[in-house]
Structures are given as C-alpha cells and as structure tokens.
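Source file: entry.txt (compact mmCIF, C-alpha atoms and all ligand atoms)
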```txt
# COMPACT_ATOMS: atom_id res chain seq x y z
CA MET A 23 24.33 -13.66 36.01
CA PRO A 24 23.29 -10.71 33.79
CA LEU A 25 19.61 -10.51 32.93
CA ALA A 26 18.81 -11.61 29.39
CA LYS A 27 17.88 -8.60 27.24
CA ALA A 28 14.17 -8.62 26.42
CA PRO A 29 13.17 -8.40 22.76
CA LEU A 30 11.67 -5.08 21.65
CA VAL A 31 8.45 -6.90 20.77
CA ASP A 32 7.82 -10.12 22.65
CA ILE A 33 4.87 -12.17 21.44
CA VAL A 34 4.25 -15.25 23.58
CA ASP A 35 1.68 -17.97 22.89
CA VAL A 36 -1.04 -15.57 21.72
CA ARG A 37 -4.48 -16.99 21.06
CA LYS A 38 -7.44 -15.21 19.56
CA SER A 39 -10.86 -16.39 18.45
CA PHE A 40 -13.62 -14.71 16.54
CA GLY A 41 -16.71 -16.51 17.81
CA PRO A 42 -16.07 -20.22 17.52
CA THR A 43 -13.16 -19.79 15.10
CA GLU A 44 -9.68 -19.74 16.57
CA VAL A 45 -7.67 -17.46 14.29
CA LEU A 46 -4.42 -17.29 16.29
CA LYS A 47 -3.48 -20.63 17.85
CA GLY A 48 -0.56 -19.90 20.11
CA VAL A 49 1.70 -17.50 18.20
CA SER A 50 5.15 -16.66 19.59
CA ILE A 51 7.61 -14.30 17.88
CA ASP A 52 10.61 -12.34 19.19
CA VAL A 53 11.42 -9.08 17.46
CA GLU A 54 14.75 -7.46 18.27
CA ARG A 55 15.51 -3.78 17.83
CA GLY A 56 16.41 -3.12 14.19
CA ASP A 57 14.74 -6.30 12.93
CA VAL A 58 12.74 -6.25 9.73
CA VAL A 59 10.22 -9.03 10.21
CA ALA A 60 8.27 -10.08 7.14
CA ILE A 61 5.11 -12.05 7.87
CA ILE A 62 3.86 -14.09 4.95
CA GLY A 63 1.17 -16.69 4.47
CA ARG A 64 -2.07 -17.49 2.72
CA SER A 65 -5.16 -15.38 3.02
CA GLY A 66 -6.91 -16.06 6.32
CA SER A 67 -3.84 -17.42 8.11
CA GLY A 68 -4.13 -14.70 10.77
CA LYS A 69 -1.43 -12.24 9.69
CA SER A 70 -3.48 -9.04 9.91
CA THR A 71 -5.13 -10.13 13.13
CA LEU A 72 -1.72 -10.65 14.70
CA LEU A 73 -0.52 -7.23 13.57
CA ARG A 74 -3.66 -5.59 14.91
CA CYS A 75 -3.15 -7.33 18.26
CA ILE A 76 0.34 -5.82 18.54
CA ASN A 77 -0.96 -2.25 18.63
CA GLY A 78 -4.14 -3.00 20.53
CA LEU A 79 -6.56 -2.58 17.62
CA GLU A 80 -7.71 -6.12 18.46
CA THR A 81 -7.68 -7.78 21.85
CA TYR A 82 -6.31 -11.29 22.27
CA ASP A 83 -7.72 -14.02 24.47
CA SER A 84 -4.58 -15.38 26.09
CA GLY A 85 -0.79 -15.23 25.93
CA ALA A 86 1.18 -12.00 26.08
CA ILE A 87 2.41 -9.21 23.83
CA VAL A 88 4.94 -6.83 25.34
CA VAL A 89 6.24 -3.87 23.31
CA ASP A 90 9.25 -2.10 24.80
CA GLY A 91 8.13 -3.06 28.29
CA ILE A 92 4.45 -2.19 27.72
CA ASP A 93 2.06 -5.09 28.24
CA VAL A 94 -0.46 -4.64 25.42
CA GLY A 95 -3.23 -6.81 26.90
CA LEU A 96 -2.99 -5.12 30.27
CA SER A 97 -2.91 -1.63 28.73
CA ALA A 98 -6.04 -2.44 26.72
CA LYS A 99 -7.83 -3.79 29.80
CA GLU A 100 -7.00 -0.67 31.76
CA GLY A 101 -7.93 1.62 28.86
CA LYS A 102 -4.34 2.92 28.70
CA LEU A 103 -3.36 2.37 25.10
CA ARG A 104 -1.97 5.87 24.63
CA ASP A 105 1.64 5.02 25.58
CA LEU A 106 1.50 1.98 23.35
CA ARG A 107 0.20 3.97 20.39
CA ARG A 108 3.11 6.39 20.82
CA ASN A 109 5.48 3.44 20.61
CA VAL A 110 3.88 1.60 17.75
CA GLY A 111 3.18 3.19 14.38
CA MET A 112 1.00 1.53 11.79
CA VAL A 113 0.50 1.91 8.06
CA PHE A 114 -2.47 0.21 6.41
CA GLN A 115 -3.38 -0.98 2.95
CA GLN A 116 -5.69 2.03 2.58
CA PHE A 117 -3.88 5.31 3.09
CA ASN A 118 -6.68 6.99 5.08
CA LEU A 119 -5.30 10.51 4.76
CA PHE A 120 -7.57 13.40 5.70
CA PRO A 121 -8.67 14.78 2.31
CA HIS A 122 -9.10 18.36 3.55
CA LEU A 123 -5.57 18.54 4.96
CA THR A 124 -2.34 18.97 2.99
CA ALA A 125 0.40 16.34 3.11
CA ALA A 126 2.28 18.35 5.76
CA GLU A 127 -0.89 18.94 7.80
CA ASN A 128 -1.66 15.21 7.73
CA VAL A 129 1.83 14.48 9.04
CA MET A 130 1.65 17.16 11.77
CA LEU A 131 -1.79 16.32 13.09
CA ALA A 132 -1.01 13.57 15.61
CA PRO A 133 2.19 15.17 16.96
CA LYS A 134 0.24 18.40 17.55
CA ILE A 135 -2.77 16.78 19.20
CA VAL A 136 -1.17 13.89 21.05
CA ASN A 137 2.30 15.23 21.81
CA LYS A 138 1.33 18.92 22.02
CA VAL A 139 4.10 19.82 19.59
CA GLN A 140 4.04 23.57 18.90
CA PRO A 141 3.21 24.81 15.36
CA LEU A 142 6.74 25.82 14.30
CA GLU A 143 8.30 22.63 15.59
CA ALA A 144 5.48 20.63 13.97
CA LYS A 145 6.25 22.26 10.63
CA ASP A 146 9.92 21.28 10.91
CA LEU A 147 8.92 17.77 11.91
CA ALA A 148 6.61 17.44 8.89
CA ALA A 149 9.38 18.71 6.61
CA GLU A 150 11.83 16.19 8.09
CA MET A 151 9.40 13.29 7.72
CA LEU A 152 8.30 14.21 4.20
CA ALA A 153 11.99 14.42 3.22
CA LYS A 154 12.47 10.89 4.56
CA VAL A 155 9.83 9.59 2.14
CA GLY A 156 11.08 11.73 -0.75
CA LEU A 157 8.16 14.16 -0.83
CA SER A 158 9.67 17.47 0.24
CA ASP A 159 8.16 19.13 -2.80
CA LYS A 160 4.62 17.92 -2.04
CA ALA A 161 4.14 19.35 1.46
CA GLY A 162 1.39 21.71 0.33
CA ASN A 163 -0.47 19.20 -1.84
CA TYR A 164 -3.82 17.72 -0.86
CA PRO A 165 -4.24 13.93 -1.09
CA SER A 166 -6.35 14.29 -4.25
CA GLN A 167 -3.32 15.95 -5.89
CA LEU A 168 -1.07 12.98 -5.12
CA SER A 169 -0.71 9.55 -6.72
CA GLY A 170 -1.55 6.45 -4.68
CA GLY A 171 2.14 5.77 -4.10
CA GLN A 172 2.71 9.33 -2.93
CA GLN A 173 -0.31 9.14 -0.62
CA GLN A 174 1.04 5.97 0.92
CA ARG A 175 4.42 7.64 1.42
CA VAL A 176 2.63 10.49 3.24
CA ALA A 177 0.91 7.85 5.40
CA ILE A 178 4.36 6.42 6.22
CA ALA A 179 5.65 9.92 7.07
CA ARG A 180 2.61 10.44 9.28
CA ALA A 181 3.33 7.25 11.21
CA LEU A 182 7.03 8.16 11.55
CA ALA A 183 6.21 11.63 12.87
CA MET A 184 5.28 10.06 16.21
CA ARG A 185 8.82 8.60 16.31
CA PRO A 186 7.58 5.08 17.05
CA ASN A 187 9.92 2.35 18.28
CA VAL A 188 8.36 -0.08 15.88
CA LEU A 189 6.45 0.42 12.64
CA LEU A 190 3.77 -2.08 11.59
CA CYS A 191 2.91 -2.28 7.90
CA ASP A 192 -0.16 -4.22 6.81
CA GLU A 193 0.01 -5.01 3.09
CA ILE A 194 0.87 -1.40 2.36
CA THR A 195 1.40 -1.92 -1.35
CA SER A 196 -1.65 -4.08 -2.04
CA ALA A 197 -3.95 -1.22 -3.02
CA LEU A 198 -1.40 0.33 -5.40
CA ASP A 199 -1.12 0.07 -9.14
CA PRO A 200 1.85 -2.20 -9.93
CA GLU A 201 4.02 0.65 -11.25
CA LEU A 202 3.71 2.48 -7.91
CA VAL A 203 4.67 -0.45 -5.68
CA ASN A 204 8.42 -0.02 -5.96
CA GLU A 205 8.54 3.62 -4.91
CA VAL A 206 6.85 2.66 -1.62
CA LEU A 207 9.05 -0.40 -1.12
CA ARG A 208 12.14 1.73 -1.71
CA VAL A 209 11.04 4.06 1.09
CA VAL A 210 10.50 1.11 3.44
CA GLU A 211 13.90 -0.27 2.48
CA SER A 212 15.53 3.05 3.36
CA LEU A 213 13.82 2.97 6.76
CA ALA A 214 15.13 -0.55 7.29
CA ARG A 215 18.64 0.66 6.45
CA GLU A 216 18.21 3.44 9.02
CA GLY A 217 17.60 0.75 11.63
CA ILE A 218 13.89 1.33 12.24
CA THR A 219 12.25 -1.82 13.59
CA LEU A 220 9.65 -3.02 11.12
CA ILE A 221 7.03 -5.75 11.15
CA LEU A 222 5.40 -6.15 7.77
CA VAL A 223 2.61 -8.32 6.50
CA THR A 224 3.49 -8.54 2.84
CA HIS A 225 2.83 -10.31 -0.41
CA GLU A 226 6.05 -8.90 -1.87
CA MET A 227 8.21 -12.00 -1.66
CA ARG A 228 11.30 -10.46 -3.24
CA PHE A 229 11.16 -7.64 -0.73
CA ALA A 230 10.67 -10.12 2.15
CA ARG A 231 13.70 -12.07 0.99
CA ASP A 232 16.02 -9.18 0.23
CA VAL A 233 15.15 -6.69 2.97
CA GLY A 234 13.77 -8.86 5.78
CA THR A 235 16.04 -9.95 8.63
CA LYS A 236 13.50 -12.53 9.73
CA LEU A 237 10.76 -14.35 7.85
CA VAL A 238 7.66 -15.65 9.60
CA PHE A 239 5.45 -18.01 7.61
CA MET A 240 1.99 -18.26 9.14
CA HIS A 241 -0.28 -21.14 8.34
CA MET A 242 -3.72 -21.72 9.86
CA GLY A 243 -3.15 -19.44 12.82
CA LYS A 244 0.32 -20.69 13.73
CA VAL A 245 3.92 -19.79 13.02
CA HIS A 246 4.66 -22.70 10.72
CA GLU A 247 8.26 -21.80 9.88
CA GLU A 248 10.53 -18.90 10.76
CA GLY A 249 14.12 -17.94 10.20
CA PRO A 250 16.45 -15.98 7.92
CA PRO A 251 14.46 -15.14 4.77
CA LYS A 252 17.09 -16.30 2.27
CA ASP A 253 17.37 -19.71 3.99
CA LEU A 254 13.64 -20.22 4.18
CA PHE A 255 13.03 -19.26 0.57
CA ALA A 256 15.91 -21.42 -0.65
CA ASN A 257 15.12 -24.39 1.60
CA PRO A 258 11.54 -24.41 2.85
CA LYS A 259 11.31 -27.34 5.25
CA THR A 260 7.58 -27.97 5.32
CA PRO A 261 5.38 -28.86 2.34
CA GLU A 262 3.11 -25.92 3.25
CA LEU A 263 5.91 -23.36 2.81
CA GLN A 264 7.19 -25.22 -0.27
CA ASN A 265 3.73 -24.94 -1.83
CA PHE A 266 3.35 -21.32 -0.80
CA VAL A 267 6.72 -20.30 -2.20
CA GLY A 268 5.96 -22.26 -5.36
CA SER A 269 2.60 -20.59 -5.78
CA VAL A 270 3.83 -17.03 -5.43
CA HIS A 271 6.87 -17.24 -7.71
N1 LIG A 301 -13.39 -8.86 12.97
C1 LIG A 301 -13.50 -10.13 12.59
N2 LIG A 301 -14.61 -10.86 12.87
C2 LIG A 301 -14.70 -12.15 12.50
N3 LIG A 301 -13.76 -12.83 11.83
C3 LIG A 301 -12.63 -12.16 11.52
C4 LIG A 301 -12.44 -10.78 11.87
N4 LIG A 301 -11.22 -10.40 11.42
C5 LIG A 301 -10.68 -11.47 10.81
N5 LIG A 301 -11.51 -12.53 10.88
C6 LIG A 301 -11.26 -13.87 10.34
O1 LIG A 301 -10.03 -14.30 10.88
C7 LIG A 301 -9.30 -15.05 9.92
C8 LIG A 301 -7.91 -14.45 9.76
O2 LIG A 301 -8.03 -13.17 9.17
P1 LIG A 301 -6.76 -12.24 8.90
O3 LIG A 301 -7.28 -11.00 8.24
O4 LIG A 301 -5.98 -12.10 10.13
O5 LIG A 301 -5.96 -13.11 7.86
P2 LIG A 301 -4.77 -12.69 6.90
O6 LIG A 301 -3.79 -13.80 6.97
O7 LIG A 301 -4.31 -11.34 7.23
O8 LIG A 301 -5.49 -12.70 5.48
P3 LIG A 301 -5.30 -11.71 4.21
O9 LIG A 301 -3.97 -12.02 3.61
O10 LIG A 301 -6.44 -12.11 3.32
O11 LIG A 301 -5.45 -10.31 4.73
C9 LIG A 301 -10.11 -15.04 8.64
O12 LIG A 301 -10.82 -16.24 8.57
C10 LIG A 301 -11.05 -13.89 8.83
O13 LIG A 301 -12.26 -14.09 8.16
```
Conversion result in structure tokens:
Amino acid sequence: MPLAKAPLVDIVDVRKSFGPTEVLKGVSIDVERGDVVAIIGRSGSGKSTLLRCINGLETYDSGAIVVDGIDVGLSAKEGKLRDLRRNVGMVFQQFNLFPHLTAAENVMLAPKIVNKVQPLEAKDLAAEMLAKVGLSDKAGNYPSQLSGGQQQRVAIARALAMRPNVLLCDEITSALDPELVNEVLRVVESLAREGITLILVTHEMRFARDVGTKLVFMHMGKVHEEGPPKDLFANPKTPELQNFVGSVH
C-alpha cells in the first residue's frame, strides 16, 4: 500500500497555556501544498498564538507541528530553528522594516546573512521580489519614503526572498489605513494564484471567502468549524460561527 502523502504543515492536537490559562486546547489542522488557509475568530481565540507556534516564535506544551518534515517542537528544544525559519516566512501586522536600509536592502538582508547570497545575486533577488509586490520603482526608497501599504509590500517581499515553503501572515492589513488595505490584499492574492502556500490570520472576511481554499474558525482555543470558505460563510453550522459571520458583515 502506498504511504499517504503528509500535509505540508501538519498540526496535531496542539495545546498551549500561558500560566493557568489554556489558550490552545487541542488544535489540529492539515495544510496541503498550495492551500490558502484563512484563520478567523474573535479576539483572544488563539489565532496569533497558533501562528507563532508554527514558526517556533512560541513553544507549545503538547501535540505536534511538523512543517515539511521538520518537527517544530523538537527543533525548538534542540535549539535548531534555523532550518524551520528558512522554510517558514512570516509577515506581521507591524512592518518592522529597518529604517536605515532601502527597500532593496531590507529584502536582501536575510538572504545575504543567512543564506550567504553574494551581493550581485542578492541584488537580482531583491529586484525579483520587489517586482512580485509591484514595487520595482521603489527599490532605492527608505521606509520613511513609502506609504504603509508599500512598506507592508516590502515586508512581504522580504519574507519571500528566503523562498519559504509556507508564508504566515498575521493580520497584515490591520495597521493600514482602509484605502491601503486592497493593494496589500491584491499582492497576497497574486501569491495565492502563483501557488504559494499561505496561512493567514485575517479580519478580511471577503478575502477569506474569495481567496481562501480552507477556512478555519477558531473559538476559545479550538477549531470550532473548518471547511471550504464559501460553504462555511453561506452555511455556518454552529451558532458561534453564525454570530461571528453576522457580526462582521
Ligand atoms: N505572551 C503571552 N502571555 C500571556 N498571555 C498571552 C500571551 N500571548 C497571548 N496571550 C493570551 O492568549 C490569548 C490568545 O491570544 P491570541 O493573541 O493568540 O489571540 P487572537 O485570537 O490572535 O486575538 P486577536 O485577534 O486579538 O489578535 C489571549 O487571552 C491573550 O491575552
């Protein structure tokens, strides 16, 4: 019998407490290559904590997270998160660009330091990644010379420059003025079309419905409902998702 193919990101029964408070209460999610997983839920339901566990920014207490064959918990215990960090890119709500570096320099930094990419190749890589986010003309600009939406697009290019297998996005449009949200979402949509595996914590319900391949509704530290986004939005089964969908529309 052929072996079943493992998901790219396999999250199995993960539990995590902060002090006496259990924030993740046995979360399991399969993410296949090319999936666009949108994680939604009320504030405090554990979405960000889960995302941070996937790339080892937080440890978890029990269960397992395996990313492309790398056991995250084990890697963290052994102090070997480097391979994982190469595999998993992350974009945050705050852009966190280095203010004294240009857009291109921000994008090149990690490939140069971590992957020892040589200067000329790094320059090409930065140009390629900035083109992907529609900012070829801003390579020489400093963050202070860019709008919030443009800065976030540079942050996306920076994460992509490490050629991760999966990109985690934690509420990446929440700090933006409303008129800048769409330009960032359009970039993420184009990445999804390219087949990049994405896991996004998002409050953008239309985006979750239209671009997501899988919707995960978290409620009080658990996966309360999951499935194809259009189905879940049209027919939420539980009162909790019904209320949530009702409250955000
Ligand atoms: N470092 C920490 N120390 C203590 N408690 C924490 C820590 N990080 C998160 N928590 C708590 O864990 C719970 C879940 O937080 P988390 O940020 O994962 O929720 P969330 O669903 O992402 O919420 P939001 O949509 O507001 O970002 C919250 O009650 C939060 O206060």
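From atom CA of A:Leu119 back to atom CA of A:Glu205, the distance works out to 18.2 Å.
Candidate residues A:Glu226, A:Ile135, A:Ala144, A:Ser166 were compared for distance to A:Pro121, and the nearest is A:Ser166, using only C-alpha atoms.
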Answer as a PyMOL selection string, residues within 10 Å of (18.6, -8.1, 8.9) using only C-alpha atoms: chain A and resi 56-59+214-215+217+232-236+250-251
Contacts of ligand LIG 301 (chain A), 9 Å or closer, all atoms listed in the file, given as a ChimeraX atom specification: /A:39-41,43-46,62-74,80,192-193,223-225,240-243
Could those residues be written to a file, using C-alpha atoms, as a PDB file, keeping the file's coordinate frame?
```pdb
ATOM      1  CA  SER A  39     -10.860 -16.390  18.450  1.00  0.00           C
ATOM      2  CA  PHE A  40     -13.620 -14.710  16.540  1.00  0.00           C
ATOM      3  CA  GLY A  41     -16.710 -16.510  17.810  1.00  0.00           C
ATOM      4  CA  THR A  43     -13.160 -19.790  15.100  1.00  0.00           C
ATOM      5  CA  GLU A  44      -9.680 -19.740  16.570  1.00  0.00           C
ATOM      6  CA  VAL A  45      -7.670 -17.460  14.290  1.00  0.00           C
ATOM      7  CA  LEU A  46      -4.420 -17.290  16.290  1.00  0.00           C
ATOM      8  CA  ILE A  62       3.860 -14.090   4.950  1.00  0.00           C
ATOM      9  CA  GLY A  63       1.170 -16.690   4.470  1.00  0.00           C
ATOM     10  CA  ARG A  64      -2.070 -17.490   2.720  1.00  0.00           C
ATOM     11  CA  SER A  65      -5.160 -15.380   3.020  1.00  0.00           C
ATOM     12  CA  GLY A  66      -6.910 -16.060   6.320  1.00  0.00           C
ATOM     13  CA  SER A  67      -3.840 -17.420   8.110  1.00  0.00           C
ATOM     14  CA  GLY A  68      -4.130 -14.700  10.770  1.00  0.00           C
ATOM     15  CA  LYS A  69      -1.430 -12.240   9.690  1.00  0.00           C
ATOM     16  CA  SER A  70      -3.480  -9.040   9.910  1.00  0.00           C
ATOM     17  CA  THR A  71      -5.130 -10.130  13.130  1.00  0.00           C
ATOM     18  CA  LEU A  72      -1.720 -10.650  14.700  1.00  0.00           C
ATOM     19  CA  LEU A  73      -0.520  -7.230  13.570  1.00  0.00           C
ATOM     20  CA  ARG A  74      -3.660  -5.590  14.910  1.00  0.00           C
ATOM     21  CA  GLU A  80      -7.710  -6.120  18.460  1.00  0.00           C
ATOM     22  CA  ASP A 192      -0.160  -4.220   6.810  1.00  0.00           C
ATOM     23  CA  GLU A 193       0.010  -5.010   3.090  1.00  0.00           C
ATOM     24  CA  VAL A 223       2.610  -8.320   6.500  1.00  0.00           C
ATOM     25  CA  THR A 224       3.490  -8.540   2.840  1.00  0.00           C
ATOM     26  CA  HIS A 225       2.830 -10.310  -0.410  1.00  0.00           C
ATOM     27  CA  MET A 240       1.990 -18.260   9.140  1.00  0.00           C
ATOM     28  CA  HIS A 241      -0.280 -21.140   8.340  1.00  0.00           C
ATOM     29  CA  MET A 242      -3.720 -21.720   9.860  1.00  0.00           C
ATOM     30  CA  GLY A 243      -3.150 -19.440  12.820  1.00  0.00           C
TER      31      GLY A 243
END
```
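Residues in contact range of stretch 100-110 of chain A, defined as at most 6 Å between all atoms listed in the file, with sequence neighbours fewer than 2 positions away removed, read Ser97, Ala98, Pro186, Asn187, Val188 and Leu189 of chain A.
Taking all atoms listed in the file into account, A:Gly162 lies nearest to A:Ala125 out of the set A:Ala125, A:Val94, A:Gln174, A:Pro141.
As for atom CA of A:Asp199 and atom CA of A:Val155, they are spaced 18.4 Å apart.
In terms of minimum interatomic distance to A:Pro200, A:Gly171 ranks closest within A:Ile33, A:Ala28, A:Leu123, A:Gly171, counting all atoms listed in the file.
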Given all atoms listed in the file as the counted atoms, nearest of A:Glu127, A:Glu54, A:Glu262, A:Asp35 to A:Tyr82: A:Asp35
Selection near A:Gln173, 12 Å with only C-alpha atoms, sequence-local residues under 3 positions removed, as a ChimeraX atom specification: /A:113-121,124-126,128-129,152,155-157,160-161,163-170,176-180,194-195,197-198,202-203,205-206
Computed interatomic separation between atom CA of A:Phe239 and atom CA of A:Val53 (Å): 14.6 Å
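Checking A:Asp146, A:Asp32, A:Asp159, A:Asp93 one by one against A:Thr81, counting all atoms listed in the file, you find the shortest gap at A:Asp93.
Of the listed residues A:Ile218, A:Ala86, A:Val34, A:Leu263, the one whose atoms come nearest to A:Ser50 is A:Val34, with distances taken using only C-alpha atoms.
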The centre and edge lengths of an axis-aligned box containing all atoms of stretch 82-100 of chain A present in the file, extended by 3 Å on each side, are to be given in Å to one decimal, as AutoDock Vina command-line options.
```
--center_x 0.7 --center_y -8.0 --center_z 27.0 --size_x 23.1 --size_y 20.7 --size_z 15.5
```
Residues within 6 Å of A:Leu222, all atoms listed in the file, excluding chain neighbours under 5 positions, as JSON, numbers by chain: {"A": [60, 61, 190, 191, 192]}
Fix up stretch 143-155 of chain A with N, CA and C atoms, then write it as a PDB file, in the coordinates of the input.
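Wrote rebuild15.pdb, looks like this:
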```
ATOM      1  N   GLU A 143       7.592  23.908  15.464  1.00  0.00           N
ATOM      2  CA  GLU A 143       8.300  22.630  15.590  1.00  0.00           C
ATOM      3  C   GLU A 143       7.600  21.561  14.742  1.00  0.00           C
ATOM      4  N   ALA A 144       6.269  21.607  14.737  1.00  0.00           N
ATOM      5  CA  ALA A 144       5.480  20.630  13.970  1.00  0.00           C
ATOM      6  C   ALA A 144       5.788  20.767  12.476  1.00  0.00           C
ATOM      7  N   LYS A 145       5.955  22.001  12.043  1.00  0.00           N
ATOM      8  CA  LYS A 145       6.250  22.260  10.630  1.00  0.00           C
ATOM      9  C   LYS A 145       7.612  21.654  10.257  1.00  0.00           C
ATOM     10  N   ASP A 146       8.582  21.867  11.135  1.00  0.00           N
ATOM     11  CA  ASP A 146       9.920  21.280  10.910  1.00  0.00           C
ATOM     12  C   ASP A 146       9.847  19.761  10.883  1.00  0.00           C
ATOM     13  N   LEU A 147       9.061  19.227  11.824  1.00  0.00           N
ATOM     14  CA  LEU A 147       8.920  17.770  11.910  1.00  0.00           C
ATOM     15  C   LEU A 147       8.306  17.222  10.614  1.00  0.00           C
ATOM     16  N   ALA A 148       7.258  17.894  10.127  1.00  0.00           N
ATOM     17  CA  ALA A 148       6.610  17.440   8.890  1.00  0.00           C
ATOM     18  C   ALA A 148       7.600  17.493   7.736  1.00  0.00           C
ATOM     19  N   ALA A 149       8.407  18.579   7.687  1.00  0.00           N
ATOM     20  CA  ALA A 149       9.380  18.710   6.610  1.00  0.00           C
ATOM     21  C   ALA A 149      10.407  17.575   6.684  1.00  0.00           C
ATOM     22  N   GLU A 150      10.842  17.275   7.903  1.00  0.00           N
ATOM     23  CA  GLU A 150      11.830  16.190   8.090  1.00  0.00           C
ATOM     24  C   GLU A 150      11.251  14.842   7.637  1.00  0.00           C
ATOM     25  N   MET A 151       9.998  14.586   8.041  1.00  0.00           N
ATOM     26  CA  MET A 151       9.400  13.290   7.720  1.00  0.00           C
ATOM     27  C   MET A 151       9.062  13.169   6.230  1.00  0.00           C
ATOM     28  N   LEU A 152       8.608  14.268   5.636  1.00  0.00           N
ATOM     29  CA  LEU A 152       8.300  14.210   4.200  1.00  0.00           C
ATOM     30  C   LEU A 152       9.590  14.041   3.394  1.00  0.00           C
ATOM     31  N   ALA A 153      10.697  14.611   3.906  1.00  0.00           N
ATOM     32  CA  ALA A 153      11.990  14.420   3.220  1.00  0.00           C
ATOM     33  C   ALA A 153      12.388  12.944   3.274  1.00  0.00           C
ATOM     34  N   LYS A 154      12.125  12.311   4.406  1.00  0.00           N
ATOM     35  CA  LYS A 154      12.470  10.890   4.560  1.00  0.00           C
ATOM     36  C   LYS A 154      11.785  10.006   3.520  1.00  0.00           C
ATOM     37  N   VAL A 155      10.565  10.406   3.117  1.00  0.00           N
ATOM     38  CA  VAL A 155       9.830   9.590   2.140  1.00  0.00           C
ATOM     39  C   VAL A 155       9.909  10.200   0.737  1.00  0.00           C
TER      40      VAL A 155
END
```
